[in-house]
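A.B. asks: Got a structure for you, target.txt, holding compact mmCIF, C-alpha atoms.
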```txt
# COMPACT_ATOMS: atom_id res chain seq x y z
CA MET A 5 0.00 0.00 0.00
CA PRO A 6 1.41 3.44 -0.84
CA GLU A 7 2.70 5.17 2.28
CA ALA A 8 0.72 8.36 1.56
CA ALA A 9 -2.49 6.43 1.16
CA THR A 10 -1.80 4.55 4.41
CA ALA A 11 -1.55 7.82 6.31
CA ARG A 12 -4.85 9.10 4.89
CA ALA A 13 -6.85 5.91 5.33
CA VAL A 14 -7.42 6.38 9.06
CA ILE A 15 -10.53 4.65 10.38
CA GLY A 16 -12.51 6.71 12.90
CA ASP A 17 -15.10 5.82 15.51
CA SER A 18 -18.08 6.11 13.16
CA GLU A 19 -20.07 2.98 12.37
CA PHE A 20 -19.69 3.83 8.68
CA ASP A 21 -15.90 3.86 9.03
CA ARG A 22 -15.83 0.59 10.97
CA ASP A 23 -18.18 -1.16 8.56
CA THR A 24 -16.18 -0.11 5.48
CA ALA A 25 -12.81 -0.97 7.04
CA LEU A 26 -10.70 -3.50 5.14
CA ILE A 27 -8.06 -5.98 6.25
CA ARG A 28 -5.13 -6.17 3.86
CA ARG A 29 -4.40 -9.81 3.03
CA GLU A 30 -1.69 -9.10 0.45
CA PRO A 31 -0.95 -6.28 -1.99
CA GLY A 32 -4.17 -5.43 -3.81
CA VAL A 33 -6.30 -7.95 -1.90
CA TYR A 34 -8.50 -7.01 1.07
CA ASP A 35 -10.92 -8.90 3.29
CA ILE A 36 -14.09 -7.43 4.76
CA ASP A 37 -17.18 -8.64 6.60
CA LEU A 38 -20.12 -6.87 4.97
CA SER A 39 -22.35 -5.60 7.76
CA ALA A 40 -26.04 -6.51 7.95
CA GLY A 41 -26.57 -2.99 9.26
CA TRP A 42 -26.55 -1.59 5.72
CA THR A 43 -29.21 -3.83 4.18
CA ILE A 44 -32.64 -3.31 2.65
CA LEU A 45 -34.85 -6.40 2.69
CA GLY A 46 -31.73 -8.49 3.28
CA ALA A 47 -29.76 -7.09 0.31
CA VAL A 48 -26.66 -4.99 0.98
CA ASN A 49 -27.17 -1.37 -0.13
CA GLY A 50 -25.35 -0.44 -3.35
CA GLY A 51 -24.04 2.87 -2.00
CA TYR A 52 -22.48 1.13 1.00
CA LEU A 53 -20.84 -1.39 -1.35
CA LEU A 54 -19.51 1.44 -3.50
CA ALA A 55 -18.00 3.08 -0.41
CA VAL A 56 -16.28 -0.22 0.49
CA LEU A 57 -14.71 -0.46 -2.96
CA GLY A 58 -13.94 3.24 -2.88
CA ARG A 59 -12.01 2.79 0.35
CA ALA A 60 -10.09 -0.15 -1.12
CA LEU A 61 -9.02 1.98 -4.09
CA ALA A 62 -7.95 4.80 -1.74
CA HIS A 63 -5.56 2.24 -0.23
CA ALA A 64 -4.35 0.94 -3.58
CA LEU A 65 -3.83 4.21 -5.46
CA PRO A 66 -1.40 7.08 -4.75
CA HIS A 67 -4.33 9.55 -4.68
CA ALA A 68 -6.92 9.50 -1.91
CA ASP A 69 -10.11 11.05 -3.31
CA PRO A 70 -12.55 9.52 -5.81
CA PHE A 71 -13.23 11.91 -8.70
CA THR A 72 -15.30 9.53 -10.82
CA ILE A 73 -16.29 5.96 -10.04
CA SER A 74 -18.46 3.65 -12.15
CA ALA A 75 -19.85 0.40 -10.80
CA HIS A 76 -21.63 -2.51 -12.45
CA TYR A 77 -23.71 -4.57 -10.02
CA LEU A 78 -23.49 -8.14 -11.25
CA THR A 79 -25.16 -10.17 -8.49
CA ALA A 80 -26.78 -9.25 -5.18
CA SER A 81 -24.39 -9.01 -2.24
CA ARG A 82 -25.22 -10.56 1.13
CA PRO A 83 -24.01 -9.71 4.62
CA GLY A 84 -20.93 -11.69 5.55
CA PRO A 85 -17.37 -12.31 4.38
CA ALA A 86 -16.19 -10.82 1.11
CA VAL A 87 -12.89 -10.17 -0.63
CA VAL A 88 -11.98 -7.08 -2.65
CA ARG A 89 -9.30 -7.28 -5.34
CA THR A 90 -7.86 -4.07 -6.75
CA GLY A 91 -5.64 -3.27 -9.71
CA VAL A 92 -3.80 -0.13 -10.75
CA VAL A 93 -4.57 0.83 -14.36
CA ARG A 94 -2.53 4.03 -14.56
CA THR A 95 -0.91 6.54 -12.22
CA GLY A 96 -0.30 10.18 -13.12
CA ARG A 97 0.59 13.43 -11.42
CA THR A 98 -2.99 14.62 -10.89
CA LEU A 99 -5.10 11.51 -11.54
CA SER A 100 -4.70 7.80 -10.93
CA THR A 101 -7.02 5.15 -12.31
CA GLY A 102 -7.76 1.78 -10.76
CA GLN A 103 -10.22 -1.08 -10.87
CA ALA A 104 -11.72 -3.18 -8.11
CA SER A 105 -14.09 -6.12 -7.75
CA LEU A 106 -15.88 -7.57 -4.75
CA PHE A 107 -16.35 -11.35 -4.48
CA GLN A 108 -18.32 -13.66 -2.21
CA TYR A 109 -18.92 -17.41 -2.13
CA ASP A 110 -22.25 -18.93 -3.12
CA ASP A 111 -23.97 -21.83 -1.35
CA GLU A 112 -21.89 -24.32 -3.36
CA GLY A 113 -18.63 -22.68 -2.28
CA ARG A 114 -17.94 -21.09 -5.66
CA GLU A 115 -16.52 -17.59 -5.84
CA VAL A 116 -18.99 -15.11 -7.36
CA GLU A 117 -18.21 -11.56 -8.47
CA ARG A 118 -20.79 -9.18 -7.02
CA ILE A 119 -19.67 -5.77 -8.24
CA ARG A 120 -16.96 -4.39 -10.52
CA VAL A 121 -15.67 -0.81 -10.45
CA LEU A 122 -13.45 1.44 -12.58
CA ALA A 123 -12.44 4.74 -10.97
CA SER A 124 -10.14 7.75 -11.23
CA TYR A 125 -8.75 9.34 -8.06
CA GLY A 126 -7.08 12.68 -7.37
CA ASP A 127 -6.72 15.36 -4.69
CA LEU A 128 -9.90 17.38 -4.14
CA ASP A 129 -8.03 19.96 -2.09
CA ALA A 130 -5.82 20.79 -5.09
CA LEU A 131 -8.73 21.79 -7.35
CA PRO A 132 -9.20 25.46 -8.28
CA ASP A 133 -12.06 27.24 -6.52
CA ASP A 134 -13.70 28.80 -9.59
CA VAL A 135 -17.38 27.89 -10.07
CA ARG A 136 -19.43 28.62 -13.19
CA THR A 137 -22.76 26.86 -12.99
CA THR A 138 -26.47 27.17 -13.64
CA ALA A 139 -27.24 24.45 -11.08
CA ARG A 140 -29.16 25.50 -7.95
CA PRO A 141 -29.63 23.70 -4.62
CA PRO A 142 -32.96 21.88 -4.20
CA ALA A 143 -35.67 23.83 -2.38
CA LEU A 144 -36.14 21.65 0.70
CA PRO A 145 -38.24 22.52 3.74
CA PRO A 146 -36.28 22.87 6.99
CA LEU A 147 -35.02 19.55 8.31
CA GLU A 148 -37.50 19.56 11.20
CA GLN A 149 -40.40 19.81 8.72
CA CYS A 150 -39.31 16.71 6.78
CA PHE A 151 -40.03 13.09 7.67
CA GLY A 152 -37.90 10.05 8.47
CA ALA A 153 -38.56 6.36 9.01
CA GLU A 154 -39.15 7.04 12.71
CA ASP A 155 -42.17 9.18 11.81
CA GLY A 156 -43.99 6.36 10.04
CA PRO A 157 -45.50 3.04 11.15
CA ALA A 158 -43.33 0.58 13.06
CA PRO A 159 -40.88 -0.93 10.54
CA VAL A 160 -40.85 -4.60 9.65
CA GLU A 161 -38.03 -6.23 11.60
CA GLY A 162 -35.02 -6.62 9.32
CA GLY A 163 -36.81 -4.79 6.52
CA SER A 164 -34.55 -1.74 6.25
CA ALA A 165 -31.66 -1.87 8.70
CA ILE A 166 -29.85 0.93 6.85
CA THR A 167 -32.36 3.54 8.03
CA GLU A 168 -31.07 3.10 11.59
CA ARG A 169 -27.62 4.21 10.41
CA LEU A 170 -28.80 7.32 8.59
CA LEU A 171 -30.23 10.71 9.34
CA LEU A 172 -32.64 10.74 6.41
CA LYS A 173 -35.46 13.28 6.35
CA VAL A 174 -37.59 13.23 3.20
CA ASP A 175 -39.32 16.26 1.68
CA PRO A 176 -43.08 15.81 2.34
CA SER A 177 -43.84 16.79 -1.27
CA THR A 178 -42.09 13.60 -2.43
CA LEU A 179 -43.75 11.34 0.14
CA GLY A 180 -47.11 10.78 -1.54
CA TRP A 181 -46.19 7.13 -2.14
CA ALA A 182 -45.99 6.52 1.62
CA LEU A 183 -49.61 7.70 1.97
CA GLY A 184 -50.91 5.68 -0.97
CA ALA A 185 -51.07 8.73 -3.23
CA PRO A 186 -47.90 8.93 -5.36
CA SER A 187 -47.54 12.17 -7.30
CA GLY A 188 -46.67 10.48 -10.59
CA LYS A 189 -43.47 12.55 -10.75
CA GLY A 190 -40.10 10.80 -10.61
CA GLU A 191 -38.72 12.96 -7.82
CA MET A 192 -37.22 12.32 -4.39
CA ARG A 193 -35.57 14.90 -2.12
CA ALA A 194 -34.17 14.57 1.38
CA TRP A 195 -31.74 15.79 4.00
CA PHE A 196 -28.96 13.22 4.46
CA GLY A 197 -26.43 12.51 7.17
CA LEU A 198 -25.03 9.67 9.24
CA ALA A 199 -27.01 8.91 12.40
CA ASP A 200 -23.95 9.00 14.66
CA GLY A 201 -23.14 12.57 13.62
CA ARG A 202 -20.07 11.85 11.50
CA ASP A 203 -19.69 14.54 8.85
CA ALA A 204 -19.70 13.45 5.24
CA ASP A 205 -16.47 12.98 3.31
CA PRO A 206 -15.96 11.85 -0.31
CA LEU A 207 -16.57 8.19 0.59
CA ALA A 208 -19.83 9.06 2.37
CA LEU A 209 -20.95 10.84 -0.81
CA LEU A 210 -20.81 7.47 -2.57
CA LEU A 211 -23.37 6.26 -0.04
CA ALA A 212 -25.52 9.41 -0.18
CA VAL A 213 -26.39 9.10 -3.88
CA ASP A 214 -27.99 5.68 -3.30
CA ALA A 215 -29.58 6.09 0.14
CA LEU A 216 -32.98 7.66 -0.63
CA PRO A 217 -36.17 5.72 -1.44
CA PRO A 218 -36.40 4.99 -5.17
CA THR A 219 -38.02 7.60 -7.40
CA ALA A 220 -40.08 4.70 -8.77
CA PHE A 221 -42.21 4.89 -5.61
CA GLU A 222 -43.44 8.38 -6.58
CA ILE A 223 -44.12 7.15 -10.11
CA GLY A 224 -46.53 4.68 -8.55
CA LEU A 225 -44.48 1.49 -8.63
CA SER A 226 -43.95 -0.78 -5.64
CA GLY A 227 -41.11 -3.13 -4.82
CA TRP A 228 -37.39 -2.47 -4.81
CA VAL A 229 -35.50 -1.25 -7.86
CA PRO A 230 -32.11 -3.01 -8.19
CA THR A 231 -29.20 -1.01 -9.57
CA VAL A 232 -27.58 -2.22 -12.79
CA GLU A 233 -24.94 0.52 -13.15
CA LEU A 234 -24.04 3.56 -11.05
CA THR A 235 -21.59 6.35 -11.88
CA VAL A 236 -20.68 9.01 -9.31
CA HIS A 237 -18.75 12.25 -9.87
CA VAL A 238 -17.34 13.75 -6.68
CA ARG A 239 -16.92 17.51 -7.24
CA ALA A 240 -15.73 18.81 -3.86
CA ARG A 241 -15.04 17.84 -0.27
CA PRO A 242 -18.31 18.60 1.57
CA ALA A 243 -18.53 21.20 4.32
CA PRO A 244 -19.66 19.99 7.77
CA GLY A 245 -23.38 19.59 8.31
CA PRO A 246 -26.26 17.70 6.70
CA LEU A 247 -26.39 17.26 2.94
CA ARG A 248 -29.32 17.85 0.60
CA VAL A 249 -29.95 15.13 -1.98
CA SER A 250 -32.22 15.52 -4.99
CA ILE A 251 -32.99 12.60 -7.33
CA THR A 252 -35.06 12.69 -10.52
CA THR A 253 -36.22 10.20 -13.13
CA ARG A 254 -37.35 11.42 -16.53
CA ASN A 255 -37.70 8.18 -18.45
CA LEU A 256 -38.96 4.69 -17.65
CA ALA A 257 -38.94 2.41 -20.68
CA GLY A 258 -38.38 -1.25 -21.43
CA GLY A 259 -38.33 -2.13 -17.73
CA PHE A 260 -35.44 0.24 -16.90
CA LEU A 261 -35.25 3.75 -15.50
CA GLU A 262 -32.48 6.25 -14.81
CA GLU A 263 -31.97 8.16 -11.55
CA ASP A 264 -30.01 11.42 -11.67
CA ALA A 265 -28.82 12.63 -8.27
CA GLU A 266 -27.30 15.87 -7.01
CA VAL A 267 -25.77 16.26 -3.56
CA TRP A 268 -25.39 19.74 -2.05
CA ASP A 269 -23.53 20.63 1.15
CA SER A 270 -24.25 23.20 3.87
CA ALA A 271 -22.23 25.81 1.94
CA ASP A 272 -24.58 25.50 -1.07
CA ARG A 273 -21.96 23.72 -3.17
CA LEU A 274 -22.73 20.89 -5.55
CA VAL A 275 -20.39 18.26 -4.09
CA ALA A 276 -21.50 15.13 -5.99
CA GLN A 277 -23.54 14.04 -8.98
CA SER A 278 -24.58 10.59 -10.11
CA ARG A 279 -26.56 8.67 -12.66
CA GLN A 280 -27.70 5.11 -12.26
CA LEU A 281 -29.57 2.68 -14.46
CA ALA A 282 -31.98 0.50 -12.51
CA ARG A 283 -34.28 -2.37 -13.37
CA VAL A 284 -37.96 -2.05 -12.57
CA ARG A 285 -39.57 -5.18 -11.21
CA LEU A 286 -43.24 -4.86 -12.09
```
Could you take the file, read its structure, and then write that structure out as structure tokens?

C.D. replies:
Amino acid sequence: MPEAATARAVIGDSEFDRDTALIRREPGVYDIDLSAGWTILGAVNGGYLLAVLGRALAHALPHADPFTISAHYLTASRPGPAVVRTGVVRTGRTLSTGQASLFQYDDEGREVERIRVLASYGDLDALPDDVRTTARPPALPPLEQCFGAEDGPAPVEGGSAITERLLLKVDPSTLGWALGAPSGKGEMRAWFGLADGRDADPLALLLAVDALPPTAFEIGLSGWVPTVELTVHVRARPAPGPLRVSITTRNLAGGFLEEDAEVWDSADRLVAQSRQLARVRL
């Protein structure tokens, strides 16, 4: 592991840090026990998985911060042991590119690839501070006027363990689905943070883009929407405080939909963007 990366990859006291921590088996190979605390209906959340692979690449590459990371979700991951294998594609002065895959064993003891990632890393603190944009932060009600899982009916045990790890407060105007009256618009907006108060960093942004309820719920569809591919662009290191996440879907066709996400920090900066392709299970 590069010495510089070793110094930066310090694991804190947050549950997110502990649950994305990796044990180095040999150069480029890491072991991890995927936590059941980041599951939805028994499946490990895709944003959590992306953060695990993102941390592995921060170890493997000479640069610490993900700039762009694209993941293909091949098979559903389960809580329990997994191995991450990384490879360095190219290293440069300002950007380094690497690849990583996460593997688990199936019931017959065969190794199965769950997710494969290609990413470019750099130094967010070295970026110029000029901003020229037409993007605007989402208009969210104050956090105390939004709603979380704790405001609804008692959850089904084991149904959505991830909600206990998040501070997630959804804009009431995108909660029609929870009341049996979806708006028909593919929109979801929420305040986002980690429940233990840990401020977001670039790895937490990889989780944030995939932590909200699916936009498909507001379109009027039920059931979960598994991710096929997810690409995240990290634009800046977020300022302390809760994040605002806005997700939209414009097109559902052929059993697939896209979700475009923007993540804004407390300083009104666009700190991450993503697009994912997801399968709709009708």

A.B. asks: In terms of the shortest atom-to-atom distance over all atoms listed in the file, which of A:Leu144, A:Ile119, A:Leu211, A:Leu170 is closest to Arg193 in chain A?

C.D. replies: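 Result for the nearest residue to Arg193 in chain A: A:Leu144.
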
A.B. asks: Could you give me, as a short mmCIF file (atom, residue, chain, number, x, y, z; two decimals) with C-alpha atoms, keeping the file's coordinate frame, the residues that sit within 9 Å of (-13.5, 16.1, -3.2) in the file's coordinates, counting only C-alpha atoms?

C.D. replies:
```cif
data_model
loop_
_atom_site.label_atom_id
_atom_site.label_comp_id
_atom_site.auth_asym_id
_atom_site.auth_seq_id
_atom_site.Cartn_x
_atom_site.Cartn_y
_atom_site.Cartn_z
CA ASP A 69 -10.11 11.05 -3.31
CA PRO A 70 -12.55 9.52 -5.81
CA PHE A 71 -13.23 11.91 -8.70
CA GLY A 126 -7.08 12.68 -7.37
CA ASP A 127 -6.72 15.36 -4.69
CA LEU A 128 -9.90 17.38 -4.14
CA ASP A 129 -8.03 19.96 -2.09
CA LEU A 131 -8.73 21.79 -7.35
CA ASP A 205 -16.47 12.98 3.31
CA PRO A 206 -15.96 11.85 -0.31
CA VAL A 238 -17.34 13.75 -6.68
CA ARG A 239 -16.92 17.51 -7.24
CA ALA A 240 -15.73 18.81 -3.86
CA ARG A 241 -15.04 17.84 -0.27
CA PRO A 242 -18.31 18.60 1.57
CA VAL A 275 -20.39 18.26 -4.09
CA ALA A 276 -21.50 15.13 -5.99
#
```

A.B. asks: Just want the 9 Å neighbourhood of Gly41 in chain A, counted on only C-alpha atoms, with same-chain residues fewer than 4 positions away dropped. Output as a list in words.

C.D. replies: Asp23, Val48, Pro83, Ser164, Ala165, Ile166, Thr167, Glu168 and Arg169 of chain A

A.B. asks: Once you have the residues from the selection above, write them out as a short mmCIF file (atom, residue, chain, number, x, y, z; two decimals), keeping the file's coordinate frame, restricted to C-alpha atoms.

C.D. replies:
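Written file, result_24.cif:
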```cif
data_model
loop_
_atom_site.label_atom_id
_atom_site.label_comp_id
_atom_site.auth_asym_id
_atom_site.auth_seq_id
_atom_site.Cartn_x
_atom_site.Cartn_y
_atom_site.Cartn_z
CA ASP A 23 -18.18 -1.16 8.56
CA VAL A 48 -26.66 -4.99 0.98
CA PRO A 83 -24.01 -9.71 4.62
CA SER A 164 -34.55 -1.74 6.25
CA ALA A 165 -31.66 -1.87 8.70
CA ILE A 166 -29.85 0.93 6.85
CA THR A 167 -32.36 3.54 8.03
CA GLU A 168 -31.07 3.10 11.59
CA ARG A 169 -27.62 4.21 10.41
#
```

A.B. asks: Contacts of Asp175 in chain A at 10 Å or less, counting only C-alpha atoms, minus same-chain residues fewer than 5 places along, as JSON, numbers by chain?

C.D. replies: {"A": [143, 144, 145, 146, 147, 149, 150, 151, 152, 192, 193, 194, 195, 250]}

A.B. asks: Per residue of range 78-190 of chain A within 10 Å of range 51-65 of chain A, what are the shortest atom pair and its distance in Å to one decimal, counting only C-alpha atoms, with rows by chain and residue number, as CSV?

C.D. replies:
```
residue,atom,partner,partner_atom,distance
A:Ser81,CA,A:Leu53,CA,8.5
A:Val88,CA,A:Leu57,CA,7.2
A:Arg89,CA,A:Ala60,CA,8.3
A:Thr90,CA,A:Leu61,CA,6.7
A:Gly91,CA,A:Ala64,CA,7.5
A:Val92,CA,A:Leu65,CA,6.8
A:Val93,CA,A:Leu65,CA,9.5
A:Arg94,CA,A:Leu65,CA,9.2
A:Thr95,CA,A:Leu65,CA,7.7
A:Leu99,CA,A:Leu65,CA,9.6
A:Ser100,CA,A:Leu65,CA,6.6
A:Thr101,CA,A:Leu65,CA,7.6
A:Gly102,CA,A:Leu61,CA,6.8
A:Gln103,CA,A:Leu61,CA,7.5
A:Ala104,CA,A:Leu57,CA,6.5
A:Ser105,CA,A:Leu57,CA,7.4
A:Leu106,CA,A:Leu57,CA,7.4
A:Arg118,CA,A:Leu53,CA,9.6
A:Ile119,CA,A:Leu53,CA,8.2
A:Arg120,CA,A:Leu57,CA,8.8
A:Val121,CA,A:Leu57,CA,7.6
A:Leu122,CA,A:Leu61,CA,9.6
A:Ala123,CA,A:Leu61,CA,8.2
A:Ser124,CA,A:Leu61,CA,9.2
A:Tyr125,CA,A:Leu65,CA,7.6
A:Gly126,CA,A:Leu65,CA,9.3
A:Ile166,CA,A:Tyr52,CA,9.4
```

A.B. asks: Include C-alpha atoms and write out the residues we just selected as a PDB file, in the frame of the given file.

C.D. replies:
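This is the output file part.pdb:
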```
ATOM      1  CA  SER A  81     -24.390  -9.010  -2.240  1.00  0.00           C
ATOM      2  CA  VAL A  88     -11.980  -7.080  -2.650  1.00  0.00           C
ATOM      3  CA  ARG A  89      -9.300  -7.280  -5.340  1.00  0.00           C
ATOM      4  CA  THR A  90      -7.860  -4.070  -6.750  1.00  0.00           C
ATOM      5  CA  GLY A  91      -5.640  -3.270  -9.710  1.00  0.00           C
ATOM      6  CA  VAL A  92      -3.800  -0.130 -10.750  1.00  0.00           C
ATOM      7  CA  VAL A  93      -4.570   0.830 -14.360  1.00  0.00           C
ATOM      8  CA  ARG A  94      -2.530   4.030 -14.560  1.00  0.00           C
ATOM      9  CA  THR A  95      -0.910   6.540 -12.220  1.00  0.00           C
ATOM     10  CA  LEU A  99      -5.100  11.510 -11.540  1.00  0.00           C
ATOM     11  CA  SER A 100      -4.700   7.800 -10.930  1.00  0.00           C
ATOM     12  CA  THR A 101      -7.020   5.150 -12.310  1.00  0.00           C
ATOM     13  CA  GLY A 102      -7.760   1.780 -10.760  1.00  0.00           C
ATOM     14  CA  GLN A 103     -10.220  -1.080 -10.870  1.00  0.00           C
ATOM     15  CA  ALA A 104     -11.720  -3.180  -8.110  1.00  0.00           C
ATOM     16  CA  SER A 105     -14.090  -6.120  -7.750  1.00  0.00           C
ATOM     17  CA  LEU A 106     -15.880  -7.570  -4.750  1.00  0.00           C
ATOM     18  CA  ARG A 118     -20.790  -9.180  -7.020  1.00  0.00           C
ATOM     19  CA  ILE A 119     -19.670  -5.770  -8.240  1.00  0.00           C
ATOM     20  CA  ARG A 120     -16.960  -4.390 -10.520  1.00  0.00           C
ATOM     21  CA  VAL A 121     -15.670  -0.810 -10.450  1.00  0.00           C
ATOM     22  CA  LEU A 122     -13.450   1.440 -12.580  1.00  0.00           C
ATOM     23  CA  ALA A 123     -12.440   4.740 -10.970  1.00  0.00           C
ATOM     24  CA  SER A 124     -10.140   7.750 -11.230  1.00  0.00           C
ATOM     25  CA  TYR A 125      -8.750   9.340  -8.060  1.00  0.00           C
ATOM     26  CA  GLY A 126      -7.080  12.680  -7.370  1.00  0.00           C
ATOM     27  CA  ILE A 166     -29.850   0.930   6.850  1.00  0.00           C
TER      28      ILE A 166
END
```

A.B. asks: Using all atoms listed in the file, which residues sit within 8 Å of Leu286 in chain A once same-chain residues fewer than 2 positions away are excluded, as an NGL selection string?

C.D. replies: :A and (225-227 or 259 or 284)

A.B. asks: I want to know what sits within 10 Å of Arg202 in chain A, based on only C-alpha atoms, with residues of the same chain fewer than 5 positions away left out; could you give that as a ChimeraX atom specification?

C.D. replies: /A:16-21,197,208,244-246

A.B. asks: Can you tell me how far CA of Ala265 in chain A sits from CA of Val87 in chain A, in Å to one decimal?

C.D. replies: 28.8 Å

A.B. asks: Hey, can you pull every residue with an atom no more than 7 Å from (-19.3, -12.4, -4.4), using all atoms listed in the file, and send it as an MDAnalysis selection string?

C.D. replies: chainID A and resid 81 86 106:109 115:118

A.B. asks: At most 12 Å is the cut-off: for each residue in range 180-219 of chain A with any atom that close to an atom of range 73-76 of chain A, write down the nearest atom pair and the distance in Å rounded to one decimal, counting all atoms listed in the file, chain first then increasing number, as CSV.

C.D. replies:
```
residue,atom,partner,partner_atom,distance
A:Pro206,CA,A:Ile73,CA,11.4
A:Leu207,CA,A:Ile73,CA,10.9
A:Leu209,CA,A:Ile73,CA,11.4
A:Leu210,CA,A:Ile73,CA,8.9
```

A.B. asks: Name the closest residue to Ala282 in chain A among the candidates A:Thr252, A:Thr231, A:Leu247, A:Gly258; distances are taken between atoms, counting only C-alpha atoms.

C.D. replies: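 Comparing A:Thr252, A:Thr231, A:Leu247, A:Gly258 against Ala282 in chain A, the winner is A:Thr231.
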
A.B. asks: Which residue is closest to Pro66 in chain A? Choose from A:Ile36, A:Glu191, A:Arg97, A:Ala185 and count all atoms listed in the file.

C.D. replies: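 Looking only at the distances to Pro66 in chain A, the closest residue turns out to be A:Arg97.
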
A.B. asks: My list of candidates is A:Arg279, A:Lys173, A:Arg22, A:His67. Which is closest to Glu266 in chain A when distances are computed with all atoms listed in the file?

C.D. replies: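 For Glu266 in chain A, the nearest of the candidates is A:Arg279.
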
A.B. asks: Which of these residues is nearest to Asn49 in chain A, using only C-alpha atoms: A:Val174, A:Ala212, A:Ala139, A:Ile223?

C.D. replies: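 Looking at the shortest contact to Asn49 in chain A, the residue is A:Ala212.
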
A.B. asks: Please, what distance in Å, to one decimal, runs between CA of Thr24 in chain A and CA of Thr235 in chain A?

C.D. replies: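 Atom-to-atom, CA of Thr24 in chain A and CA of Thr235 in chain A are spaced 19.3 Å apart.
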
A.B. asks: Which of these, A:Leu179, A:Leu261, A:Val236, A:Leu171, has the shortest distance to Ala204 in chain A once you count only C-alpha atoms?

C.D. replies: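 Checking each candidate against Ala204 in chain A, we get A:Leu171 as the closest.
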
A.B. asks: Using the structure block above, produce a file of range 98-109 of chain A that contains N, CA, C and O atoms, as a JSON list (two decimals), in the first residue's frame.

C.D. replies:
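The resulting file, part_33.json, is reproduced below:
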```json
[["chain", "number", "residue", "atom", "x", "y", "z"],
["A", 98, "THR", "N", -1.77, 14.09, -11.48],
["A", 98, "THR", "CA", -2.99, 14.62, -10.89],
["A", 98, "THR", "C", -4.11, 13.60, -10.78],
["A", 98, "THR", "O", -5.02, 13.77, -9.97],
["A", 99, "LEU", "N", -4.06, 12.53, -11.58],
["A", 99, "LEU", "CA", -5.10, 11.51, -11.54],
["A", 99, "LEU", "C", -4.48, 10.13, -11.61],
["A", 99, "LEU", "O", -3.49, 9.93, -12.33],
["A", 100, "SER", "N", -5.07, 9.21, -10.86],
["A", 100, "SER", "CA", -4.70, 7.80, -10.93],
["A", 100, "SER", "C", -5.98, 7.00, -11.17],
["A", 100, "SER", "O", -7.03, 7.33, -10.64],
["A", 101, "THR", "N", -5.86, 5.97, -11.97],
["A", 101, "THR", "CA", -7.02, 5.15, -12.31],
["A", 101, "THR", "C", -6.80, 3.72, -11.83],
["A", 101, "THR", "O", -5.71, 3.16, -11.99],
["A", 102, "GLY", "N", -7.85, 3.15, -11.24],
["A", 102, "GLY", "CA", -7.76, 1.78, -10.76],
["A", 102, "GLY", "C", -9.07, 1.05, -10.97],
["A", 102, "GLY", "O", -10.10, 1.65, -11.31],
["A", 103, "GLN", "N", -9.02, -0.26, -10.79],
["A", 103, "GLN", "CA", -10.22, -1.08, -10.87],
["A", 103, "GLN", "C", -10.31, -1.95, -9.63],
["A", 103, "GLN", "O", -9.30, -2.24, -8.98],
["A", 104, "ALA", "N", -11.53, -2.35, -9.29],
["A", 104, "ALA", "CA", -11.72, -3.18, -8.11],
["A", 104, "ALA", "C", -12.96, -4.04, -8.30],
["A", 104, "ALA", "O", -13.91, -3.64, -8.98],
["A", 105, "SER", "N", -12.94, -5.22, -7.73],
["A", 105, "SER", "CA", -14.09, -6.12, -7.75],
["A", 105, "SER", "C", -14.28, -6.71, -6.36],
["A", 105, "SER", "O", -13.31, -6.94, -5.63],
["A", 106, "LEU", "N", -15.54, -6.94, -6.03],
["A", 106, "LEU", "CA", -15.88, -7.57, -4.75],
["A", 106, "LEU", "C", -16.45, -8.96, -5.04],
["A", 106, "LEU", "O", -17.30, -9.12, -5.92],
["A", 107, "PHE", "N", -15.96, -9.95, -4.28],
["A", 107, "PHE", "CA", -16.35, -11.35, -4.48],
["A", 107, "PHE", "C", -16.89, -11.93, -3.18],
["A", 107, "PHE", "O", -16.45, -11.57, -2.08],
["A", 108, "GLN", "N", -17.85, -12.84, -3.32],
["A", 108, "GLN", "CA", -18.32, -13.66, -2.21],
["A", 108, "GLN", "C", -18.46, -15.10, -2.70],
["A", 108, "GLN", "O", -18.33, -15.37, -3.90],
["A", 109, "TYR", "N", -18.72, -16.01, -1.77],
["A", 109, "TYR", "CA", -18.92, -17.41, -2.13],
["A", 109, "TYR", "C", -20.41, -17.73, -2.10],
["A", 109, "TYR", "O", -21.15, -17.28, -1.23]]
```
